[in-house]
Structures are given as structure tokens and as C-alpha cells.
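Okay, upload_16.txt is below, compact mmCIF, C-alpha atoms:
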```txt
# COMPACT_ATOMS: atom_id res chain seq x y z
CA VAL M 22 4.18 112.48 41.35
CA THR M 23 3.38 115.35 43.71
CA ILE M 24 1.25 118.20 42.41
CA PHE M 25 1.52 121.43 44.35
CA SER M 26 -1.12 124.14 44.40
CA GLN M 27 -0.25 127.80 43.94
CA SER M 28 -0.58 128.31 47.70
CA ASP M 29 2.18 125.73 48.27
CA LEU M 30 4.70 127.54 46.07
CA ARG M 31 5.99 131.11 46.04
CA VAL M 32 5.60 131.78 42.35
CA PRO M 33 6.53 135.15 40.80
CA GLU M 34 3.75 137.71 40.99
CA VAL M 35 3.46 137.87 37.19
CA LYS M 36 2.54 134.17 37.19
CA GLN M 37 0.05 134.32 40.05
CA THR M 38 -3.62 133.84 39.27
CA LYS M 39 -5.69 136.62 40.81
CA PHE M 40 -9.43 136.31 41.25
CA VAL M 41 -11.51 139.30 42.35
CA ARG M 42 -15.16 139.30 43.39
CA LEU M 43 -17.41 142.20 42.36
CA ASP M 44 -20.81 142.36 44.08
CA GLY M 45 -23.75 144.70 44.31
CA GLU M 46 -24.63 147.51 41.94
CA ILE M 47 -22.23 146.55 39.17
CA GLY M 48 -23.31 145.91 35.60
CA ALA M 49 -22.19 142.28 35.55
CA ALA M 50 -21.37 141.27 39.12
CA GLY M 51 -19.35 138.11 39.56
CA VAL M 52 -15.85 136.68 39.99
CA TYR M 53 -13.24 138.00 37.59
CA ARG M 54 -9.69 137.01 36.84
CA ALA M 55 -7.61 140.17 37.21
CA LYS M 56 -4.81 140.73 34.73
CA GLU M 57 -1.32 141.49 35.95
CA GLY M 58 -1.25 145.08 37.26
CA GLN M 59 -4.94 145.64 36.57
CA ARG M 60 -6.48 148.57 38.44
CA LEU M 61 -9.71 148.61 40.38
CA ARG M 62 -11.48 151.12 38.16
CA ASP M 63 -10.45 149.26 35.00
CA LEU M 64 -11.83 145.98 36.33
CA VAL M 65 -15.15 147.63 37.27
CA ARG M 66 -15.40 149.08 33.76
CA GLU M 67 -14.70 145.63 32.33
CA ALA M 68 -17.58 144.31 34.46
CA GLY M 69 -20.05 146.76 32.95
CA GLY M 70 -19.50 149.75 35.21
CA LEU M 71 -21.91 150.94 37.89
CA THR M 72 -25.69 150.69 37.77
CA PRO M 73 -27.86 153.82 38.17
CA SER M 74 -28.69 152.69 41.73
CA ALA M 75 -25.04 152.41 42.83
CA TYR M 76 -24.04 154.22 46.03
CA LEU M 77 -20.33 154.61 45.38
CA TYR M 78 -19.73 156.49 48.64
CA GLY M 79 -20.63 153.31 50.52
CA ALA M 80 -18.45 151.00 48.41
CA GLN M 81 -16.50 148.45 50.46
CA LEU M 82 -13.22 146.96 49.27
CA SER M 83 -12.02 144.04 51.41
CA ARG M 84 -8.53 142.57 51.04
CA VAL M 85 -7.13 139.35 52.51
CA SER M 86 -3.72 140.84 53.30
CA ALA M 87 -5.31 143.86 54.99
CA ARG M 88 -7.51 141.60 57.12
CA ALA M 89 -4.49 139.60 58.29
CA GLU M 90 -2.55 142.76 59.14
CA GLN M 91 -5.50 144.28 61.03
CA GLN M 92 -5.90 141.08 63.06
CA ARG M 93 -2.17 140.89 63.82
CA ARG M 94 -2.01 144.46 65.07
CA LEU M 95 -5.21 144.09 67.08
CA ASP M 96 -4.02 140.89 68.75
CA GLN M 97 -0.69 142.55 69.54
CA MET M 98 -2.38 145.56 71.14
CA ILE M 99 -4.77 143.41 73.20
CA ALA M 100 -1.95 141.17 74.43
CA GLU M 101 0.13 144.19 75.47
CA ASP M 102 -2.77 145.76 77.38
CA GLU M 103 -3.55 142.46 79.07
CA ARG M 104 0.02 142.33 80.36
CA ASN M 105 -0.30 145.90 81.62
CA LEU M 106 -3.56 145.04 83.39
CA ASP M 107 -1.99 142.03 85.09
CA ARG M 108 0.92 144.15 86.32
CA ARG M 109 -1.39 146.82 87.68
CA ALA M 110 -3.60 144.21 89.36
CA ALA M 111 -0.55 142.78 91.12
CA GLN M 112 0.38 146.23 92.43
CA LEU M 113 -3.06 147.00 93.85
CA ALA M 114 -2.43 145.42 97.22
CA ILE M 115 0.74 147.48 97.62
CA THR M 116 -0.42 150.88 96.38
CA SER M 117 -4.00 150.94 97.74
CA THR M 118 -4.08 152.35 101.27
CA THR M 119 -7.81 152.04 102.04
CA ALA M 120 -10.59 149.57 101.26
CA ASN M 121 -12.47 152.16 99.21
CA GLU M 122 -9.39 152.95 97.18
CA LEU M 123 -8.82 149.25 96.52
CA ALA M 124 -12.45 148.73 95.47
CA SER M 125 -12.31 151.70 93.10
CA ALA M 126 -9.09 150.46 91.51
CA LYS M 127 -10.55 146.99 91.01
CA ALA M 128 -13.66 148.47 89.40
CA ASN M 129 -11.47 150.39 86.96
CA LEU M 130 -9.58 147.23 86.07
CA GLU M 131 -12.82 145.36 85.46
CA ALA M 132 -14.01 148.13 83.16
CA GLU M 133 -10.77 147.90 81.21
CA ARG M 134 -11.10 144.11 80.90
CA ALA M 135 -14.65 144.59 79.62
CA SER M 136 -13.32 146.95 76.95
CA LEU M 137 -10.74 144.37 75.92
CA ASP M 138 -13.46 141.71 75.71
CA LEU M 139 -15.41 143.98 73.38
CA LEU M 140 -12.37 144.45 71.16
CA ARG M 141 -11.92 140.67 70.97
CA ARG M 142 -15.42 140.38 69.52
CA ILE M 143 -14.51 142.67 66.63
CA GLN M 144 -13.40 140.57 63.68
CA PRO M 145 -11.43 142.63 61.12
CA ASP M 146 -13.00 142.57 57.68
CA GLY M 147 -9.94 143.79 55.80
CA ARG M 148 -11.73 146.87 54.53
CA ILE M 149 -9.61 149.46 52.79
CA VAL M 150 -11.02 152.98 53.09
CA LEU M 151 -11.27 154.34 49.54
CA ASN M 152 -11.65 158.01 50.62
CA LEU M 153 -14.66 158.48 48.37
CA HIS M 154 -16.80 161.63 48.50
CA PRO M 155 -20.61 161.62 48.82
CA ASP M 156 -20.84 163.28 45.39
CA ASP M 157 -18.76 160.59 43.65
CA THR M 158 -20.91 158.66 41.18
CA THR M 159 -18.63 157.48 38.37
CA VAL M 160 -16.04 154.74 38.02
CA ASP M 161 -13.35 157.39 37.56
CA ALA M 162 -13.75 158.30 41.25
CA LEU M 163 -12.37 154.89 42.29
CA PRO M 164 -8.70 154.99 43.37
CA ASP M 165 -5.90 153.86 41.08
CA LEU M 166 -5.42 150.68 43.11
CA THR M 167 -3.79 147.50 41.82
CA MET M 168 -5.90 144.41 42.50
CA GLU M 169 -4.75 141.49 44.67
CA ASP M 170 -5.94 137.90 44.71
CA GLY M 171 -9.01 137.51 46.92
CA ASP M 172 -10.08 141.17 46.77
CA GLN M 173 -13.82 141.77 47.13
CA LEU M 174 -15.62 144.94 46.08
CA TYR M 175 -19.22 145.50 47.16
CA VAL M 176 -21.14 148.52 45.87
CA PRO M 177 -24.52 148.89 47.65
CA SER M 178 -27.61 150.72 46.55
CA VAL M 179 -28.43 153.93 48.41
CA PRO M 180 -29.51 153.00 51.98
CA ALA M 181 -32.54 154.74 53.41
CA THR M 182 -31.33 155.05 56.99
CA VAL M 183 -28.77 156.41 59.44
CA THR M 184 -27.93 154.31 62.51
CA VAL M 185 -27.57 155.55 66.09
CA ILE M 186 -26.16 153.05 68.59
CA GLY M 187 -24.62 153.00 72.04
CA GLU M 188 -25.69 154.95 75.14
CA VAL M 189 -28.93 156.49 73.83
CA TYR M 190 -32.49 155.86 74.95
CA ASN M 191 -33.69 154.37 71.66
CA GLN M 192 -30.84 153.04 69.54
CA GLY M 193 -31.65 151.86 66.05
CA SER M 194 -31.91 152.92 62.41
CA PHE M 195 -33.69 156.13 61.49
CA LEU M 196 -35.03 157.27 58.14
CA ARG M 197 -32.47 159.53 56.54
CA THR M 198 -33.66 162.99 55.56
CA PRO M 199 -31.37 165.19 53.41
CA GLY M 200 -29.69 167.92 55.43
CA THR M 201 -30.31 166.28 58.81
CA THR M 202 -27.48 166.68 61.33
CA VAL M 203 -25.87 164.58 64.04
CA ASN M 204 -27.75 166.48 66.72
CA SER M 205 -31.12 165.80 65.04
CA TYR M 206 -30.51 162.06 64.86
CA LEU M 207 -29.43 162.02 68.50
CA ARG M 208 -32.69 163.72 69.44
CA ASN M 209 -34.62 161.14 67.41
CA ALA M 210 -32.87 158.46 69.47
CA GLY M 211 -33.95 160.11 72.72
CA GLY M 212 -30.57 161.70 73.31
CA PRO M 213 -27.58 160.35 75.29
CA THR M 214 -28.27 158.51 78.54
CA ARG M 215 -26.75 159.42 81.91
CA ASP M 216 -24.02 156.85 81.31
CA ALA M 217 -23.04 158.32 77.92
CA ASP M 218 -19.68 159.95 77.32
CA LYS M 219 -21.02 162.98 75.44
CA GLY M 220 -17.57 164.36 74.76
CA ARG M 221 -16.50 161.27 72.82
CA ILE M 222 -19.43 160.68 70.49
CA PHE M 223 -18.21 159.85 66.99
CA VAL M 224 -19.50 159.01 63.52
CA VAL M 225 -18.56 156.10 61.28
CA ARG M 226 -19.12 157.33 57.72
CA ALA M 227 -20.52 155.09 55.01
CA ASN M 228 -17.16 155.25 53.21
CA GLY M 229 -15.40 153.66 56.23
CA GLY M 230 -13.94 156.85 57.68
CA VAL M 231 -14.30 157.89 61.33
CA VAL M 232 -15.04 161.44 62.54
CA ASN M 233 -14.90 162.61 66.15
CA LYS M 234 -15.72 165.95 67.73
CA ASP M 235 -12.16 167.26 67.68
CA ALA M 236 -11.59 166.48 64.01
CA SER M 237 -14.96 167.73 62.82
CA SER M 238 -14.75 171.18 64.41
CA THR M 239 -12.26 172.26 61.74
CA PHE M 240 -14.31 171.16 58.73
CA TRP M 241 -17.93 171.94 59.64
CA SER M 242 -19.02 175.46 60.51
CA GLY M 243 -21.69 174.10 62.84
CA GLY M 244 -19.22 171.82 64.58
CA PHE M 245 -19.75 168.13 65.17
CA ASP M 246 -23.40 168.47 66.18
CA GLY M 247 -24.15 170.35 62.96
CA MET M 248 -22.46 167.84 60.65
CA VAL M 249 -24.88 166.61 57.99
CA LEU M 250 -25.03 162.82 57.81
CA MET M 251 -25.18 160.73 54.66
CA PRO M 252 -27.10 157.51 53.97
CA GLY M 253 -25.41 154.59 55.72
CA ASP M 254 -23.60 156.71 58.32
CA ALA M 255 -23.65 155.59 61.97
CA VAL M 256 -23.50 157.68 65.15
CA ILE M 257 -21.77 155.91 68.06
CA VAL M 258 -22.34 157.08 71.64
CA PRO M 259 -19.78 155.37 73.91
CA GLN M 260 -20.24 154.66 77.60
CA GLN M 261 -18.66 156.91 80.20
CA THR M 262 -15.47 155.42 81.65
CA ASP M 263 -13.33 156.47 84.59
CA LYS M 264 -10.07 158.31 84.06
CA GLY M 265 -7.11 156.07 83.45
CA SER M 266 -9.19 153.27 81.96
CA PHE M 267 -8.29 151.42 78.80
CA VAL M 268 -10.43 153.46 76.43
CA ARG M 269 -9.28 156.81 77.78
CA GLY M 270 -5.69 155.58 77.73
CA LEU M 271 -6.02 155.25 73.97
CA LYS M 272 -7.71 158.69 73.78
CA ASP M 273 -11.05 157.27 72.53
CA TRP M 274 -12.69 154.62 70.38
CA THR M 275 -12.10 156.64 67.23
CA THR M 276 -8.35 156.19 67.69
CA ILE M 277 -8.76 152.43 67.94
CA LEU M 278 -11.14 152.05 65.02
CA PHE M 279 -9.32 154.43 62.69
CA ASN M 280 -5.80 153.16 63.35
CA PHE M 281 -6.81 149.52 63.02
CA GLY M 282 -9.28 149.87 60.15
CA LEU M 283 -12.08 148.35 62.24
CA ALA M 284 -14.86 150.91 61.89
CA ALA M 285 -17.38 148.93 59.84
CA ALA M 286 -16.66 145.71 61.73
CA ALA M 287 -17.14 147.49 65.07
CA VAL M 288 -20.56 148.85 64.06
CA LYS M 289 -21.73 145.26 63.51
CA VAL M 290 -20.56 144.26 66.99
CA LEU M 291 -21.95 147.33 68.74
CA SER M 292 -25.35 147.21 67.01
CA PRO M 293 -28.22 145.74 69.06
```

In C-alpha cells, write the structure found in this file.
Amino acid sequence: VTIFSQSDLRVPEVKQTKFVRLDGEIGAAGVYRAKEGQRLRDLVREAGGLTPSAYLYGAQLSRVSARAEQQRRLDQMIAEDERNLDRRAAQLAITSTTANELASAKANLEAERASLDLLRRIQPDGRIVLNLHPDDTTVDALPDLTMEDGDQLYVPSVPATVTVIGEVYNQGSFLRTPGTTVNSYLRNAGGPTRDADKGRIFVVRANGGVVNKDASSTFWSGGFDGMVLMPGDAVIVPQQTDKGSFVRGLKDWTTILFNFGLAAAAVKVLSP
């Protein structure tokens, strides 16, 4: 007699057992069996709702299928850029007319390979951005999202800090003061170094979203520098790279992190 597990058989969705983990500031955190078609907000209510200390804006929903898709797309992009780098390296001897030109081209290629190595270190966490607002405090603010097996929701308490990392003189976490802007936190970190790419500084919001200077100029009257940061936000100051390099070829890091859903995972890799 052979007994198969659910993972061995493709059973209809209505017959699949779905377990969801609820952690953090939830009335009765734990592992729950989700009913067929059950929504996120309904499951949280069933688990006792949110505690008074819950920071819903920073809630993180991780999904197995999203993690697999993020990893697949990331691997595909890295492999494609590696092939492009190899082709360009092979053409160097033909296209470079002087020793200085050859040395400069090689340096650019090395910078691009270093960027790819950094991307390889980022392990997708499968986070789904819930598009929550800083003022959201109730379960009703959660999206009408059907649960999948293996989903994990973590609702933190309100963090006390904002993080500044990258090319600044004193990267780290700084006590968050209401109304404090991007520019103020950068000053607290000593400001950008000489190697910083000041035009491509961006913010990873606590809700998983990514904001760069171009996008923020439309929504904040004071522009990017005047954007008020929330608890748990992170300011990223990337390193200056030469024109034509990998990062500039993809516009900037915000494009990579936003399109691949890697913002929170990247902060962990970039942090000291």
C-alpha cells in the first residue's frame, strides 16, 4: 500500500488543506487552518484581531508562490546580464583602441559584476506589498485577499527608529521623531559620502513600497528631501557608478527592488 501526501498529488483546490501563520501583534497569534476562499481580514478577525500595539502599516505578508516567482525572475535577469557581460568582455580587445580605454572598460565590467554579486545575495522573502497607509489601524484596512497554503502574516509593534544605510558617513538606525524628513535623517547620518550617487537616493517604506526622487516629487510639496518618514522606513544611499554600468542600465536600484518585490530583503543584505 502506497500512501501519498498532498504534495504528491494535484488535488482540487477545494480539497486542499491550507495552513496560515499569524505572528506578532495579533490577539491569538498562531497557525490557523484557512477555510476555502477565506480572506485575510476575516482570518485575522477570527484570530482575535489586532492588539493596541499593532503597527499595521508595517505588516508583512509572505507567500510561498510569490517567493518562488520572485526568485525565478531574479535568476532569469541575472543570467541574462551575465551573458551580456561575457559578450562585452569578449569585444573589449577589438573595440578598445588604447590601454587607458581598455582599463576603463574592464573597470566598468568589474563594477557590473559586483552589482550582480550583490543581487545574488538577496534572497526573496515572498513579501506581497499590501499598500497600507500609515493611518490604517483596523482589520478592515487589510486587502480582500484570499489566503494560500503557507502564507505568513507578521504584524509588528511600532518601531522606534528609521534606518539610513549605504554611502553615508554614519549608517545605522536613528530614533524616529514625528515630522522628521529624509533630509534630516541624512544629516543625522553625516550626509552622503563622496562616492554616493545623490541623484538616486531612495526610501524603502515600512509597508514594502519603494520611493525614489522622481516619483516623490509629484506627491510631496517639499520634494523627496522634504518627505516625512514613518517608523520602520529605510533611506538607501547607493554608490556612484559609471555610465553604462549594470545599475544605470536598469535605471536605478528602485526599479530592481520594486519590479522584483525585493525591497525588504535587500535592506537586510545592505545593512551593516

If you count all atoms listed in the file, which residues fall within 12 Å of Asn209 of chain M, apart from same-chain ones fewer than 5 positions away, as number ranges by chain?
-> M: 183-186, 189-197, 201-204, 256

Min atom-atom distance to Tyr78 of chain M from the set M:His154, M:Arg215, M:Lys127, M:Arg109, counting all atoms listed in the file, belongs to M:His154

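Here atom CA of Val232 of chain M stands at a distance of 20.5 Å from atom CA of Ser136 of chain M.
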
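Closest approach to Leu71 of chain M from the set M:Leu207, M:Val225, M:Leu43, M:Leu139 is made by M:Leu43, with distances taken over only C-alpha atoms.
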
The distance between atom CA of Arg62 of chain M and atom CA of Gln92 of chain M is 27.4 Å

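Of note, atom CA of Asn129 of chain M and atom CA of Thr116 of chain M are spaced 14.5 Å apart.
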
Practice prompt. Within 8 Å of Arg221 of chain M, counting all atoms listed in the file, which residues show up once you throw out same-chain ones fewer than 6 positions away? Write them as a PyMOL selection string, please.
Written response: chain M and resi 233-234+258-259+273

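Comparing the minimum interatomic distances between Glu169 of chain M and each of M:Glu103, M:Asp44, M:Glu57, M:Asp156, counting only C-alpha atoms, we find that M:Glu57 sits nearest.
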